Amino acid sequence: MRAVATGGVGMVAIVQARMTSTRLPGKVLMPIMGRPMLSYQLERMRHATRLDRIVVATTVNASDDPIASFCESEGVDVTRGSEADVLSRYVEAARRFGAQTVVRITSDCPLMDPALLDEALNWFEAAAPRCDYLSNMLAPSFPYGLAVEIMTAEALYTAGSQARDPQEREHVTPFIYWRPERFRLHSYIMTPDLSGHRWTVDTPEDFELVSRIVEALYPSKPEFGMNDVLALMARHPKWRKINAHIGQKQVSQG
């Protein structure tokens with residue numbers, strides 16, 4: 001982690017996690033090569049050089065005690081809040097650690113690329129005029145499962161105090177990106193468009209694919225990145241069929 005300037009902790013990545021996932025309950029702690037899936041994601045995020053702190057924001061439900069216990073055993077900061085109001089969880093975590101910039105990551109992204117995360121943070125800082133919110137999902141071009149959202153703490157706190165739509169509370173950032181007239185939005189994109197790849201984990205099929213990727217790459221190169229996964233998938237083109245029929249859940253503006 002980087003040295004922290006006096007008066008704040010700078011860039012804080014907050015990972016939302018719960019055991020009661022709709023399509024694959026308990027997925028965050030499901031084992032891959034004997035380790036919880038979440039442990040791979042946290043390990044990979046620690047390789048990002050631009051982050052000052054990583055926090056897991058789970059719920060107060062007893063069902064999420066195993067997540068809190070795991071994080072505590074790993075020396076990872078954990079906060080607990082409302083299950084349905086995920087936005088409030090982010091606000092509470094950001095305030096607790098004095099965040100100036102907040103990175104939103106979901107716990108279904110165990111293949112998160114730390115180099116991509118660093119580059120996105122660089123883009124966020126370099127954006128002119130000043131950027132309130134940057135995401136690689138406004139105009140999807142990265143593989144699903146490498147999603148990153150970056151926002152100022154001020155934008156997050158505004159959303160937290162003003163959002164009323166249940167979708168805005170559950171999905172954290174729609175209040176911001178549905179209001180381009182109020183917030184300065186920037187889209188982080190790449191070419192070629194690789195959004196047809198699905199590396200997120202929402203279903204058993206997703207978990208099977210991600211497990212195969214980790215089992216193939218992690219033993220020889222634990223710090224593998226997006227290009228390593230793409231090369232692996234090129235060697236095993238049939239693997240894409242494992243979860244090709246799974247649709248990505250969308251958040252629609254009411």
# chains A, B, ... in the order shown; residues from 1 in each chain; ligands from 1
>>> select_by_dssp(residues="segment 7-202 of chain A", states="strand (DSSP E or B)", output="ChimeraX atom specification")
/A:11-16,31-32,35-36,53-59,77-81,101-106,133-135,144,149-152,185-187,198
>>> select_by_dssp(residues="segment 26-142 of chain A", states="helix (DSSP H, G or I)", output="PyMOL selection string")
chain A and resi 27-29+37-46+62-73+86-96+114-126
>>> residues_around(residues="Gly81 of chain A", least_positions_apart="6", cutoff="6 Å", atoms="only C-alpha atoms", output="list in words")
Thr59, Val60 and Arg89 of chain A
>>> residues_around(residues="segment 108-110 of chain A", least_positions_apart="3", cutoff="9 Å", atoms="only C-alpha atoms", output="PyMOL selection string")
chain A and resi 17+27-28+37-42+44+105+113+144-147+199-202+210
>>> residues_around(residues="segment 115-124 of chain A", least_positions_apart="2", cutoff="7 Å", atoms="only C-alpha atoms", output="list in words")
Ala48, Thr49, Arg50, Asp113, Ala126, Ala127, Cys131, Leu134 and Tyr188 of chain A
>>> atom_distance(atom1="atom CA of Arg23 of chain A", atom2="atom CA of Pro204 of chain A")
8.3 Å
>>> closest_residue(among="A:Leu87, A:Met30, A:Ala139, A:Val102", to="Ala159 of chain A", atoms="only C-alpha atoms")
A:Leu87
>>> closest_residue(among="A:Ile189, A:Leu51, A:Val91, A:Met226", to="Gly160 of chain A", atoms="only C-alpha atoms")
A:Val91
>>> residues_around(residues="Ile150 of chain A", least_positions_apart="2", cutoff="7 Å", atoms="only C-alpha atoms", output="PyMOL selection string")
chain A and resi 102-104+133-135+148
>>> write_last_selection(atoms="C-alpha atoms", output="PDB file, in the first residue's frame")
ATOM      1  CA  VAL A 102     -13.978   5.524  -3.489  1.00  0.00           C
ATOM      2  CA  VAL A 103     -13.520   2.480  -5.726  1.00  0.00           C
ATOM      3  CA  ARG A 104     -16.548   0.211  -5.956  1.00  0.00           C
ATOM      4  CA  TYR A 133     -17.284   9.300 -11.596  1.00  0.00           C
ATOM      5  CA  LEU A 134     -15.403   6.973 -13.920  1.00  0.00           C
ATOM      6  CA  SER A 135     -16.405   3.472 -14.946  1.00  0.00           C
ATOM      7  CA  VAL A 148     -14.485  -0.990 -11.793  1.00  0.00           C
TER       8      VAL A 148
END
>>> residues_around(residues="Gly34 of chain A", least_positions_apart="6", cutoff="12 Å", atoms="only C-alpha atoms", output="ChimeraX atom specification")
/A:40,211,214-215
>>> write_last_selection(atoms="N, CA, C and O atoms", output="PDB file, in the first residue's frame")
ATOM      1  N   TYR A  40      -8.943 -14.893  -3.362  1.00  0.00           N
ATOM      2  CA  TYR A  40      -8.217 -14.591  -4.605  1.00  0.00           C
ATOM      3  C   TYR A  40      -8.430 -13.142  -5.014  1.00  0.00           C
ATOM      4  O   TYR A  40      -7.491 -12.451  -5.424  1.00  0.00           O
ATOM      5  N   SER A 211     -13.223 -21.117 -12.007  1.00  0.00           N
ATOM      6  CA  SER A 211     -12.396 -22.112 -11.322  1.00  0.00           C
ATOM      7  C   SER A 211     -11.369 -22.706 -12.281  1.00  0.00           C
ATOM      8  O   SER A 211     -10.195 -22.883 -11.918  1.00  0.00           O
ATOM      9  N   VAL A 214      -8.570 -20.091 -12.831  1.00  0.00           N
ATOM     10  CA  VAL A 214      -7.666 -19.983 -11.683  1.00  0.00           C
ATOM     11  C   VAL A 214      -6.782 -21.224 -11.581  1.00  0.00           C
ATOM     12  O   VAL A 214      -5.562 -21.121 -11.371  1.00  0.00           O
ATOM     13  N   GLU A 215      -7.366 -22.390 -11.727  1.00  0.00           N
ATOM     14  CA  GLU A 215      -6.603 -23.637 -11.632  1.00  0.00           C
ATOM     15  C   GLU A 215      -5.530 -23.729 -12.708  1.00  0.00           C
ATOM     16  O   GLU A 215      -4.460 -24.297 -12.476  1.00  0.00           O
TER      17      GLU A 215
END
>>> decode(residues="segment 176-254 of chain A", atoms="C-alpha atoms", output="mmCIF file, in the first residue's frame")
data_model
loop_
_atom_site.group_PDB
_atom_site.id
_atom_site.type_symbol
_atom_site.label_atom_id
_atom_site.label_comp_id
_atom_site.auth_asym_id
_atom_site.auth_seq_id
_atom_site.Cartn_x
_atom_site.Cartn_y
_atom_site.Cartn_z
ATOM 1 C CA ILE A 176 -24.719 9.275 -10.080
ATOM 2 C CA TYR A 177 -24.580 7.900 -13.618
ATOM 3 C CA TRP A 178 -28.286 8.502 -14.284
ATOM 4 C CA ARG A 179 -27.652 12.232 -13.746
ATOM 5 C CA PRO A 180 -24.989 13.366 -16.242
ATOM 6 C CA GLU A 181 -26.311 16.911 -15.881
ATOM 7 C CA ARG A 182 -25.167 16.923 -12.246
ATOM 8 C CA PHE A 183 -22.044 14.762 -12.246
ATOM 9 C CA ARG A 184 -19.014 14.746 -14.522
ATOM 10 C CA LEU A 185 -18.939 11.214 -15.898
ATOM 11 C CA HIS A 186 -16.059 9.585 -17.742
ATOM 12 C CA SER A 187 -16.076 6.253 -19.539
ATOM 13 C CA TYR A 188 -12.978 4.062 -19.385
ATOM 14 C CA ILE A 189 -12.927 2.011 -22.574
ATOM 15 C CA MET A 190 -10.589 -0.258 -24.487
ATOM 16 C CA THR A 191 -10.248 -1.595 -28.012
ATOM 17 C CA PRO A 192 -11.022 -4.135 -29.237
ATOM 18 C CA ASP A 193 -14.390 -4.617 -27.528
ATOM 19 C CA LEU A 194 -14.037 -7.676 -25.252
ATOM 20 C CA SER A 195 -17.353 -7.348 -23.425
ATOM 21 C CA GLY A 196 -18.496 -10.631 -24.956
ATOM 22 C CA HIS A 197 -16.301 -12.458 -22.434
ATOM 23 C CA ARG A 198 -18.037 -13.297 -19.147
ATOM 24 C CA TRP A 199 -15.671 -13.741 -16.188
ATOM 25 C CA THR A 200 -17.996 -12.662 -13.401
ATOM 26 C CA VAL A 201 -19.511 -15.213 -10.993
ATOM 27 C CA ASP A 202 -23.285 -15.205 -10.626
ATOM 28 C CA THR A 203 -24.169 -18.819 -11.432
ATOM 29 C CA PRO A 204 -22.726 -22.341 -11.095
ATOM 30 C CA GLU A 205 -21.639 -22.168 -14.739
ATOM 31 C CA ASP A 206 -19.762 -18.936 -14.089
ATOM 32 C CA PHE A 207 -18.070 -20.497 -11.083
ATOM 33 C CA GLU A 208 -17.008 -23.501 -13.150
ATOM 34 C CA LEU A 209 -15.359 -21.292 -15.767
ATOM 35 C CA VAL A 210 -13.579 -19.062 -13.264
ATOM 36 C CA SER A 211 -12.396 -22.112 -11.322
ATOM 37 C CA ARG A 212 -10.865 -23.558 -14.487
ATOM 38 C CA ILE A 213 -9.100 -20.259 -15.196
ATOM 39 C CA VAL A 214 -7.666 -19.983 -11.683
ATOM 40 C CA GLU A 215 -6.603 -23.637 -11.632
ATOM 41 C CA ALA A 216 -4.840 -23.230 -14.976
ATOM 42 C CA LEU A 217 -3.043 -19.942 -14.310
ATOM 43 C CA TYR A 218 -2.593 -19.370 -10.589
ATOM 44 C CA PRO A 219 -0.082 -22.142 -9.744
ATOM 45 C CA SER A 220 2.547 -20.836 -12.177
ATOM 46 C CA LYS A 221 1.609 -17.136 -12.262
ATOM 47 C CA PRO A 222 -0.461 -15.966 -9.274
ATOM 48 C CA GLU A 223 -0.383 -12.368 -10.513
ATOM 49 C CA PHE A 224 -1.869 -13.260 -13.926
ATOM 50 C CA GLY A 225 -3.725 -10.475 -15.721
ATOM 51 C CA MET A 226 -6.376 -9.968 -18.352
ATOM 52 C CA ASN A 227 -4.078 -10.806 -21.255
ATOM 53 C CA ASP A 228 -3.099 -14.101 -19.627
ATOM 54 C CA VAL A 229 -6.778 -15.045 -19.319
ATOM 55 C CA LEU A 230 -7.431 -14.063 -22.935
ATOM 56 C CA ALA A 231 -4.514 -16.225 -24.091
ATOM 57 C CA LEU A 232 -5.809 -19.146 -22.021
ATOM 58 C CA MET A 233 -9.297 -18.772 -23.469
ATOM 59 C CA ALA A 234 -7.829 -18.706 -26.975
ATOM 60 C CA ARG A 235 -6.194 -22.066 -26.218
ATOM 61 C CA HIS A 236 -9.492 -23.440 -24.896
ATOM 62 C CA PRO A 237 -12.193 -21.866 -27.091
ATOM 63 C CA LYS A 238 -14.839 -24.336 -25.887
ATOM 64 C CA TRP A 239 -14.582 -22.932 -22.364
ATOM 65 C CA ARG A 240 -16.534 -19.836 -23.421
ATOM 66 C CA LYS A 241 -19.545 -22.067 -24.026
ATOM 67 C CA ILE A 242 -19.706 -23.022 -20.339
ATOM 68 C CA ASN A 243 -21.514 -19.795 -19.410
ATOM 69 C CA ALA A 244 -22.259 -18.275 -22.825
ATOM 70 C CA HIS A 245 -26.006 -18.650 -22.218
ATOM 71 C CA ILE A 246 -25.968 -16.679 -18.961
ATOM 72 C CA GLY A 247 -27.391 -13.194 -19.218
ATOM 73 C CA GLN A 248 -26.005 -10.229 -17.323
ATOM 74 C CA LYS A 249 -28.504 -8.679 -14.915
ATOM 75 C CA GLN A 250 -29.272 -5.096 -15.894
ATOM 76 C CA VAL A 251 -30.277 -2.069 -13.836
ATOM 77 C CA SER A 252 -32.990 -0.136 -15.655
ATOM 78 C CA GLN A 253 -34.035 3.403 -14.869
ATOM 79 C CA GLY A 254 -37.636 3.544 -13.725
#
